[in-house]
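File shown: data-v1.cif. Contents: mmCIF, C-alpha atoms, pLDDT in the B column; chains and numbers go by the auth columns.
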```cif
data_target
loop_
_atom_site.group_PDB
_atom_site.id
_atom_site.type_symbol
_atom_site.label_atom_id
_atom_site.label_comp_id
_atom_site.label_asym_id
_atom_site.label_seq_id
_atom_site.Cartn_x
_atom_site.Cartn_y
_atom_site.Cartn_z
_atom_site.B_iso_or_equiv
_atom_site.auth_seq_id
_atom_site.auth_asym_id
ATOM 1 C CA MET A 1 77.847 89.865 34.996 80.00 199 A
ATOM 2 C CA ASN A 2 75.265 87.706 36.670 80.00 200 A
ATOM 3 C CA GLU A 3 71.448 87.876 36.745 79.00 201 A
ATOM 4 C CA GLN A 4 71.292 89.999 39.923 78.00 202 A
ATOM 5 C CA GLN A 5 73.716 92.720 38.859 81.00 203 A
ATOM 6 C CA GLN A 6 72.620 96.112 37.537 82.00 204 A
ATOM 7 C CA PHE A 7 74.748 98.414 35.394 84.00 205 A
ATOM 8 C CA SER A 8 74.983 102.220 35.087 89.00 206 A
ATOM 9 C CA ILE A 9 77.301 104.461 33.085 92.00 207 A
ATOM 10 C CA ASP A 10 78.126 108.163 33.219 93.00 208 A
ATOM 11 C CA TYR A 11 80.499 110.134 30.945 95.00 209 A
ATOM 12 C CA ASP A 12 81.137 113.345 29.051 95.00 210 A
ATOM 13 C CA LEU A 13 81.401 113.841 25.297 94.00 211 A
ATOM 14 C CA GLU A 14 83.745 116.574 24.080 94.00 212 A
ATOM 15 C CA ASN A 15 83.116 118.370 20.742 91.00 213 A
ATOM 16 C CA VAL A 16 79.447 117.337 20.466 88.00 214 A
ATOM 17 C CA SER A 17 77.409 119.953 18.594 82.00 215 A
ATOM 18 C CA ASP A 18 74.334 120.299 16.395 78.00 216 A
ATOM 19 C CA LYS A 19 76.464 118.985 13.500 76.00 217 A
ATOM 20 C CA THR A 20 76.928 115.646 15.248 79.00 218 A
ATOM 21 C CA GLU A 21 73.268 115.109 16.141 78.00 219 A
ATOM 22 C CA GLY A 22 72.307 111.515 15.422 81.00 220 A
ATOM 23 C CA LYS A 23 75.845 110.574 14.381 89.00 221 A
ATOM 24 C CA PHE A 24 77.486 109.429 17.634 92.00 222 A
ATOM 25 C CA PHE A 25 76.311 106.180 19.224 93.00 223 A
ATOM 26 C CA MET A 26 76.857 103.954 22.231 93.00 224 A
ATOM 27 C CA GLY A 27 75.984 100.290 22.086 91.00 225 A
ATOM 28 C CA ILE A 28 76.372 97.006 23.922 89.00 226 A
ATOM 29 C CA ILE A 29 77.621 93.663 22.757 90.00 227 A
ATOM 30 C CA ASP A 30 75.667 91.076 24.727 84.00 228 A
ATOM 31 C CA ASN A 31 77.132 87.563 24.752 81.00 229 A
ATOM 32 C CA GLY A 32 78.598 88.105 21.284 86.00 230 A
ATOM 33 C CA GLN A 33 75.478 89.781 19.807 88.00 231 A
ATOM 34 C CA GLN A 34 75.400 93.485 18.972 90.00 232 A
ATOM 35 C CA ARG A 35 72.382 95.312 20.410 85.00 233 A
ATOM 36 C CA SER A 36 70.870 98.425 18.855 81.00 234 A
ATOM 37 C CA ALA A 37 73.087 101.465 19.306 90.00 235 A
ATOM 38 C CA ILE A 38 71.714 104.507 21.168 90.00 236 A
ATOM 39 C CA PRO A 39 72.290 107.896 19.468 91.00 237 A
ATOM 40 C CA LEU A 40 73.914 110.419 21.827 89.00 238 A
ATOM 41 C CA ASN A 41 73.615 114.172 21.360 86.00 239 A
ATOM 42 C CA ASP A 42 74.272 115.658 24.809 89.00 240 A
ATOM 43 C CA PRO A 43 77.686 116.600 26.201 92.00 241 A
ATOM 44 C CA HIS A 44 76.944 114.681 29.424 93.00 242 A
ATOM 45 C CA VAL A 45 75.458 111.191 29.415 92.00 243 A
ATOM 46 C CA GLY A 46 74.221 109.261 32.435 91.00 244 A
ATOM 47 C CA MET A 47 72.048 106.173 32.165 87.00 245 A
ATOM 48 C CA GLY A 48 71.175 102.840 33.658 85.00 246 A
ATOM 49 C CA LEU A 49 71.215 100.022 31.155 76.00 247 A
ATOM 50 C CA ASP A 50 68.776 97.137 31.176 70.00 248 A
ATOM 51 C CA LEU A 51 70.787 94.015 30.502 72.00 249 A
ATOM 52 C CA GLY A 52 67.690 91.829 30.484 67.00 250 A
ATOM 53 C CA GLY A 53 68.233 90.103 33.830 70.00 251 A
ATOM 54 C CA THR A 54 70.466 87.469 32.309 74.00 252 A
ATOM 55 C CA GLY A 55 74.065 86.729 33.106 78.00 253 A
ATOM 56 C CA GLY A 56 76.815 86.863 30.575 82.00 254 A
ATOM 57 C CA GLU A 57 79.641 88.802 29.040 86.00 255 A
ATOM 58 C CA TYR A 58 78.964 92.411 28.013 86.00 256 A
ATOM 59 C CA TYR A 59 81.041 94.991 26.142 89.00 257 A
ATOM 60 C CA ILE A 60 80.346 98.687 25.531 90.00 258 A
ATOM 61 C CA TYR A 61 81.292 100.350 22.269 93.00 259 A
ATOM 62 C CA PHE A 62 81.144 103.862 20.830 94.00 260 A
ATOM 63 C CA MET A 63 80.661 104.657 17.151 94.00 261 A
ATOM 64 C CA ASN A 64 81.193 108.063 15.535 94.00 262 A
ATOM 65 C CA THR A 65 79.791 108.504 12.014 92.00 263 A
ATOM 66 C CA SER A 66 80.261 112.285 11.960 90.00 264 A
ATOM 67 C CA ASP A 67 83.259 114.142 10.534 89.00 265 A
ATOM 68 C CA THR A 68 84.031 115.626 13.982 89.00 266 A
ATOM 69 C CA ASP A 69 86.512 114.118 16.420 92.00 267 A
ATOM 70 C CA ILE A 70 84.563 113.354 19.611 93.00 268 A
ATOM 71 C CA THR A 71 86.282 112.403 22.845 94.00 269 A
ATOM 72 C CA VAL A 72 84.688 110.324 25.600 94.00 270 A
ATOM 73 C CA SER A 73 85.993 111.553 28.971 95.00 271 A
ATOM 74 C CA ASN A 74 85.269 111.197 32.692 94.00 272 A
ATOM 75 C CA LEU A 75 83.812 107.729 32.148 93.00 273 A
ATOM 76 C CA ASN A 76 82.400 106.083 35.279 92.00 274 A
ATOM 77 C CA MET A 77 80.659 102.726 35.437 89.00 275 A
ATOM 78 C CA TRP A 78 78.753 101.256 38.345 87.00 276 A
ATOM 79 C CA ILE A 79 77.829 97.653 38.871 85.00 277 A
ATOM 80 C CA GLN A 80 75.366 96.981 41.671 82.00 278 A
ATOM 81 C CA ASP A 81 75.284 93.519 43.179 78.00 279 A
ATOM 82 C CA GLU A 82 73.140 92.579 46.180 73.00 280 A
ATOM 83 C CA GLY A 83 72.815 96.209 47.309 72.00 281 A
ATOM 84 C CA LYS A 84 76.549 96.986 47.050 78.00 282 A
ATOM 85 C CA MET A 85 77.613 99.496 44.386 79.00 283 A
ATOM 86 C CA ASP A 86 81.096 99.160 42.848 81.00 284 A
ATOM 87 C CA LYS A 87 82.431 102.117 40.861 78.00 285 A
ATOM 88 C CA TYR A 88 84.929 101.821 38.016 80.00 286 A
ATOM 89 C CA ILE A 89 86.634 104.948 36.649 70.00 287 A
ATOM 90 C CA PHE A 90 88.255 105.077 33.210 63.00 288 A
#
```

Go ahead and render the structure in this file as structure tokens.
Amino acid sequence: MNEQQQFSIDYDLENVSDKTEGKFFMGIIDNGQQRSAIPLNDPHVGMGLDLGGTGGEYYIYFMNTSDTDITVSNLNMWIQDEGKMDKYIF
């Protein structure tokens, strides 16, 4: 990504319950450095991510520390560049 691009993500989590609260995370690897992971507790997640206005290579990761199998589904990512929004569906 470059300095002008903005990033958003939207997805569902299957099998999330009160038992998994604080045990399922999403994080970003920013130019080889792991950022703090965000705990996720809702079955639907939608957020814009601040990538700090710097260009570089970014990766998203999910981490489950619960004993429940959790599935990420209906994942959509948007990258906005100079007013144009590109959607990626996984």

Enumerate, as JSON, numbers by chain, the residues matched when the PyMOL selection byres ((chain A and resi 218) around 10) is run on the file above. {"A": [213, 214, 215, 216, 217, 219, 220, 221, 222, 237, 238, 239, 240, 262, 263, 264, 265, 266, 267, 268]}

Using only C-alpha atoms, which of A:Gly230, A:Pro241, A:Gly225, A:Gly246 sits nearest Ser206 (chain A)? A:Gly246

Work out how far CA of Tyr286 (chain A) is from CA of Gln231 (chain A), in Å to one decimal.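 If I compute the distance from CA of Gln231 (chain A) to CA of Tyr286 (chain A), I get 23.8 Å.
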
Answer key for the PyMOL selection byres ((chain A and resi 260) around 9), residues as a PDB file with C-alpha atoms, keeping the file's coordinate frame:
```
ATOM      1  CA  PHE A 222      77.486 109.429  17.634  1.00 92.00           C
ATOM      2  CA  PHE A 223      76.311 106.180  19.224  1.00 93.00           C
ATOM      3  CA  MET A 224      76.857 103.954  22.231  1.00 93.00           C
ATOM      4  CA  GLY A 225      75.984 100.290  22.086  1.00 91.00           C
ATOM      5  CA  ILE A 226      76.372  97.006  23.922  1.00 89.00           C
ATOM      6  CA  ALA A 235      73.087 101.465  19.306  1.00 90.00           C
ATOM      7  CA  ILE A 258      80.346  98.687  25.531  1.00 90.00           C
ATOM      8  CA  TYR A 259      81.292 100.350  22.269  1.00 93.00           C
ATOM      9  CA  MET A 261      80.661 104.657  17.151  1.00 94.00           C
ATOM     10  CA  ASN A 262      81.193 108.063  15.535  1.00 94.00           C
ATOM     11  CA  VAL A 270      84.688 110.324  25.600  1.00 94.00           C
TER      12      VAL A 270
END
```

One-decimal distance in Å that lies between CA of Gly251 (chain A) and CA of Gln203 (chain A): 7.9 Å

I would like the residues chosen by the PyMOL selection byres ((chain A and resi 285) around 10) on the shown file; could you give them as a list in words? Ser206, Ile207, Asn274, Met275, Trp276, Ile277, Gln278, Lys282, Met283, Asp284, Tyr286 and Ile287 of chain A

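Coordinates place CA of Leu211 (chain A) at a distance of 6.1 Å from CA of His242 (chain A).
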
Report, as lines of an AutoDock Vina configuration file, the centre and edge lengths in Å (one decimal) of the axis-aligned box enclosing every listed atom of region 276-285 of chain A, padded by 8 Å on each side.
```
center_x = 77.6
center_y = 97.3
center_z = 42.8
size_x = 25.6
size_y = 25.5
size_z = 25.0
```

Find the residue from A:Leu273, A:Met245, A:Ile236, A:Ile227 that sits nearest to Glu212 (chain A); use all atoms listed in the file when measuring.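 Of the candidates, the smallest distance to Glu212 (chain A) is held by A:Leu273.
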
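Using all atoms listed in the file, the smallest distance between any of A:Ser271, A:Tyr257, A:Leu249, A:Gly244 and Asp208 (chain A) comes from A:Gly244.
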
Dump as JSON, numbers by chain all residues having an atom at most 12 Å from (72.1, 83.6, 26.8), computed in the file's coordinates with only C-alpha atoms. {"A": [199, 200, 201, 228, 229, 230, 231, 249, 250, 251, 252, 253, 254, 255, 256]}
